[in-house]
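*Asks:* Before we start, here is the structure in question, set down as structure tokens.
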Amino acid sequence: MSSIMSDLDEADATVRVRFVVNGRKTACDVAPRDTLVDCLRTQLELTGTHAGCEMGACGACLVQLDGRAVHACLMFAVQADGARIDTIEGLSESGVIADLQAEFHRRNALQCGFCTPGMLINAHELLSNVARPSREAIRDALSGNFCRCTGYEAIVDAIAAVAEARAAKAAQGAEGASS
Amino acid sequence: MKARAFSYFRASTVEEALDAHAQGGDDARYIAGGQSLVPALALRLQAPRRLVDINHIDELRGVRREGEWLRIGALTRHCEMLTEPLIAEFAPLLRAAAPFVAHPAIRNRGTLGGSVALADPASEFPAVVLALEAEIEVAGPAGRRRVRAEDFFVDLFETALAPGELLVAVHVPLFNPGQRIAFDELARRRGDYALVGCGISATCADDLITDIRIAFFSVGNVPTRARRAESEIAGSRLSPDVIAAAQAALGEDLAPDDGDDVPAAMRLHLARVLLGRLLGQIGGAT
């Protein structure tokens with residue numbers, strides 16, 4: 001074991017990486033070639049992040065790296081040393097996507113559920129950047145998330161409904177504050 | 001679907017990265033965003049023995065003005081093309097192209113330097129830097145040099161980068177208010193690789209096009225300037241006749257491969273359709 005900052009590590013040696021996962025400081029021993037998704041699933045047992053295509057096409061492995069959605073299959077765990085990672089488990093526990101989850105449930109926006117964590121992480125980022133995206137913008141944002149069950153309509157419906165509900169709530173809040 | 005074992009080194013300066021790469025000999029690769037490299041490793045299309053991670057090199061970050069040029073650090077992420085004010089003001093063609101690059105999560109991680117260094121013939125940014133007549137700054141064991149975009153893209157996935165050289169920054173001539181830009185691509189699905197794509201940067205005096213640079217991608221092994229089409233337009237107004245002449249001239253500029261799924265004639269036809277649309281935008285933007 002050695003420091004990743006200074007040494008040229010041998011290919012088979014493990015490296016200790018430290019990161020903050022879902023708000024908790026965590027350390028793992030990984031081989032350089034272990035992807036972040038494999039590290040999260042096998043070592044930390046955070047199996048909500050799904051390994052699908054393992055080549056950045058399907059979007060099932062999305063996590064937040066320092067607050068932005070990235071594919072956990074397209075980076076090696078060793079690269080995440082020092083980073084903040086939030087998985088679907090962390091976002092669920094914090095309650096920030098509770099309305100999205102409820103709306104997905106209400107509208108049957110999932111069947112097998114394999115794509116759902118990635119869909120939620122992507123939808124969460126979209127709604128954080130754009131308050132009321134058009135349906136076209138929602139579809140565009142989801143263009144890297146494959147769902148082989150639902151045909152996407154219900155997923156787009158759910159995200160659009162949450163955007164409307166959040167906007168209405170924000171308007172109400174602003175009204176309440178000004179009166 | 002797993003990469004072959006490799007050793008990993010996180011560099012904090014350009015010099016450290018060059019040294020670490022040199023120690024790996026022919027079997028080292030730099031990794032930036034990794035959005036193309038990691039799939040290639042997973043599929044074992046490449047199997048380097050050493051990865052040199054350049055994501056933590058401060059010098060490769062940031063966008064700033066340097067005289068008549070905009071210096072865009074190699075690690076500038078695709079998503080920053082959409083949010084960085086200096087890009088919007090001084091390199092709007094990069095901003096116009098960015099939404100066409102892959103998907104949001106890929107754009108959060110992929111870098112300009114990585115895209116240009118990879119030189120995928122179906123990528124947007126190599127064509128954009130060609131249309132902008134940008135210069136590519138590279139560092140290597142022998143020192144630093146700047147390569148004109150025109151000389152940078154050599155062949156399929158092959159650039160002027162010598163073994164071990166590292167792309168440091170892309171330098172773009174500052175956009176000025178007399179210029180107009182247009183960008184678009186035709187793809188079967190949004191976010192998919194383009195069947196054909198094009199970026200245009202034109203300099204105008206009233207309605208007269210005094211200078212125009214047209215770069216296509218997904219039409220051959222390298223991003224390609226349409227110089228015959230450019231010469232049909234330069235010095236003219238964008239009348240329907242001039243646009244038609246430029247579209248016709250593409251037959252001499254482009255020689256796309258004949259593929260089973262996309263015959264050469266179809267790709268050339270689509271290039272002409274796209275050029276017509278974009279010149280319409282350039283002509284209509286007053």
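Labels for the structure tokens follow display order: chains A, B, ..., residues from 1 in each chain, ligands from 1.
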Which residues are near segment 67-74 of chain B? Cut-off 6 Å, only C-alpha atoms, ignore same chain within fewer than 6 positions. Put them as JSON, numbers by chain.

*Replies:* {"B": [60, 61, 112, 113, 168, 169, 170, 171, 172, 173, 174]}

*Asks:* Using only C-alpha atoms, determine which residues lie at most 12 Å from segment 267-278 of chain B, disregarding the query and same-chain residues fewer than 4 positions distant; provide the list as JSON, numbers by chain.

*Replies:* {"B": [180, 181, 182, 183, 184, 185, 186, 187, 194, 195, 196, 197, 198, 199, 200, 201, 202, 213, 214, 215, 216, 217, 218, 219, 220, 224, 226, 229, 230, 233, 238, 239, 240, 241, 242, 243, 244, 245, 246, 247, 248, 249, 250, 251, 252, 253, 254, 255, 256, 257, 258, 259, 260, 261, 262, 263, 282, 283, 284, 285]}

*Asks:* For the residues in that selection, give me C-alpha atoms as a JSON list (two decimals), in the first residue's frame.

*Replies:*
```
[["chain", "number", "residue", "atom", "x", "y", "z"],
["B", 180, "ARG", "CA", -21.17, 35.29, -37.22],
["B", 181, "ILE", "CA", -21.20, 31.65, -36.26],
["B", 182, "ALA", "CA", -23.42, 28.65, -36.91],
["B", 183, "PHE", "CA", -23.31, 25.04, -35.82],
["B", 184, "ASP", "CA", -25.52, 22.02, -36.37],
["B", 185, "GLU", "CA", -25.39, 18.31, -36.95],
["B", 186, "LEU", "CA", -27.62, 15.56, -38.25],
["B", 187, "ALA", "CA", -27.86, 12.43, -36.11],
["B", 194, "ALA", "CA", -23.51, 12.66, -36.05],
["B", 195, "LEU", "CA", -24.02, 11.36, -39.58],
["B", 196, "VAL", "CA", -22.60, 14.71, -40.58],
["B", 197, "GLY", "CA", -21.91, 17.93, -38.69],
["B", 198, "CYS", "CA", -20.60, 21.39, -39.46],
["B", 199, "GLY", "CA", -19.33, 24.52, -37.73],
["B", 200, "ILE", "CA", -18.98, 27.87, -39.48],
["B", 201, "SER", "CA", -17.22, 31.07, -38.51],
["B", 202, "ALA", "CA", -17.72, 34.00, -40.88],
["B", 213, "ARG", "CA", -14.31, 29.09, -42.48],
["B", 214, "ILE", "CA", -16.40, 25.94, -42.80],
["B", 215, "ALA", "CA", -15.38, 22.75, -40.98],
["B", 216, "PHE", "CA", -17.19, 19.43, -41.31],
["B", 217, "PHE", "CA", -16.94, 16.35, -39.12],
["B", 218, "SER", "CA", -18.09, 12.75, -39.53],
["B", 219, "VAL", "CA", -17.20, 13.01, -43.21],
["B", 220, "GLY", "CA", -13.82, 11.22, -43.24],
["B", 224, "THR", "CA", -12.27, 18.78, -42.81],
["B", 226, "ALA", "CA", -14.53, 22.91, -47.05],
["B", 229, "ALA", "CA", -17.12, 25.96, -50.75],
["B", 230, "GLU", "CA", -15.47, 28.75, -48.74],
["B", 233, "ILE", "CA", -18.72, 32.42, -50.71],
["B", 238, "LEU", "CA", -25.23, 34.87, -49.36],
["B", 239, "SER", "CA", -27.71, 34.78, -52.25],
["B", 240, "PRO", "CA", -29.46, 31.52, -53.16],
["B", 241, "ASP", "CA", -27.10, 31.18, -56.14],
["B", 242, "VAL", "CA", -24.01, 31.55, -53.98],
["B", 243, "ILE", "CA", -25.33, 29.03, -51.45],
["B", 244, "ALA", "CA", -26.12, 26.57, -54.26],
["B", 245, "ALA", "CA", -22.61, 26.99, -55.68],
["B", 246, "ALA", "CA", -21.10, 26.35, -52.25],
["B", 247, "GLN", "CA", -23.25, 23.25, -51.81],
["B", 248, "ALA", "CA", -22.16, 21.97, -55.24],
["B", 249, "ALA", "CA", -18.49, 22.61, -54.40],
["B", 250, "LEU", "CA", -18.72, 20.24, -51.43],
["B", 251, "GLY", "CA", -18.35, 17.41, -53.96],
["B", 252, "GLU", "CA", -14.73, 18.49, -54.36],
["B", 253, "ASP", "CA", -14.14, 19.23, -50.67],
["B", 254, "LEU", "CA", -15.46, 16.04, -49.13],
["B", 255, "ALA", "CA", -14.86, 12.41, -50.01],
["B", 256, "PRO", "CA", -16.75, 10.43, -47.36],
["B", 257, "ASP", "CA", -16.26, 6.67, -47.10],
["B", 258, "ASP", "CA", -18.89, 4.41, -48.54],
["B", 259, "GLY", "CA", -20.39, 2.60, -45.56],
["B", 260, "ASP", "CA", -23.10, -0.05, -45.50],
["B", 261, "ASP", "CA", -25.33, 1.99, -43.23],
["B", 262, "VAL", "CA", -24.47, 5.39, -44.69],
["B", 263, "PRO", "CA", -23.51, 5.39, -48.39],
["B", 282, "ILE", "CA", -25.41, 33.11, -41.25],
["B", 283, "GLY", "CA", -27.14, 35.16, -43.94],
["B", 284, "GLY", "CA", -30.23, 35.76, -41.83],
["B", 285, "ALA", "CA", -28.35, 36.85, -38.69]]
```

*Asks:* Compute the chain B side of the contact with chain A at 10 Å, counting only C-alpha atoms, and hand it back as a PyMOL selection string.

*Replies:* chain B and resi 1-12+16+20+23-24+31+33-43+49-53+55-56+99+102-110+189-192

*Asks:* Among the residues of segment 152-194 of chain B, find those DSSP assigns to strand (DSSP E or B) from the backbone and print them as a list in words.

*Replies:*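 These are the residues in question: Phe153, Val154, Asp155, Glu158, Thr159, Leu166, Leu167, Val168, Ala169, Val170, His171, Val172, Pro173, Gln179, Arg180, Ile181, Ala182, Phe183, Asp184, Glu185 and Leu186 of chain B.
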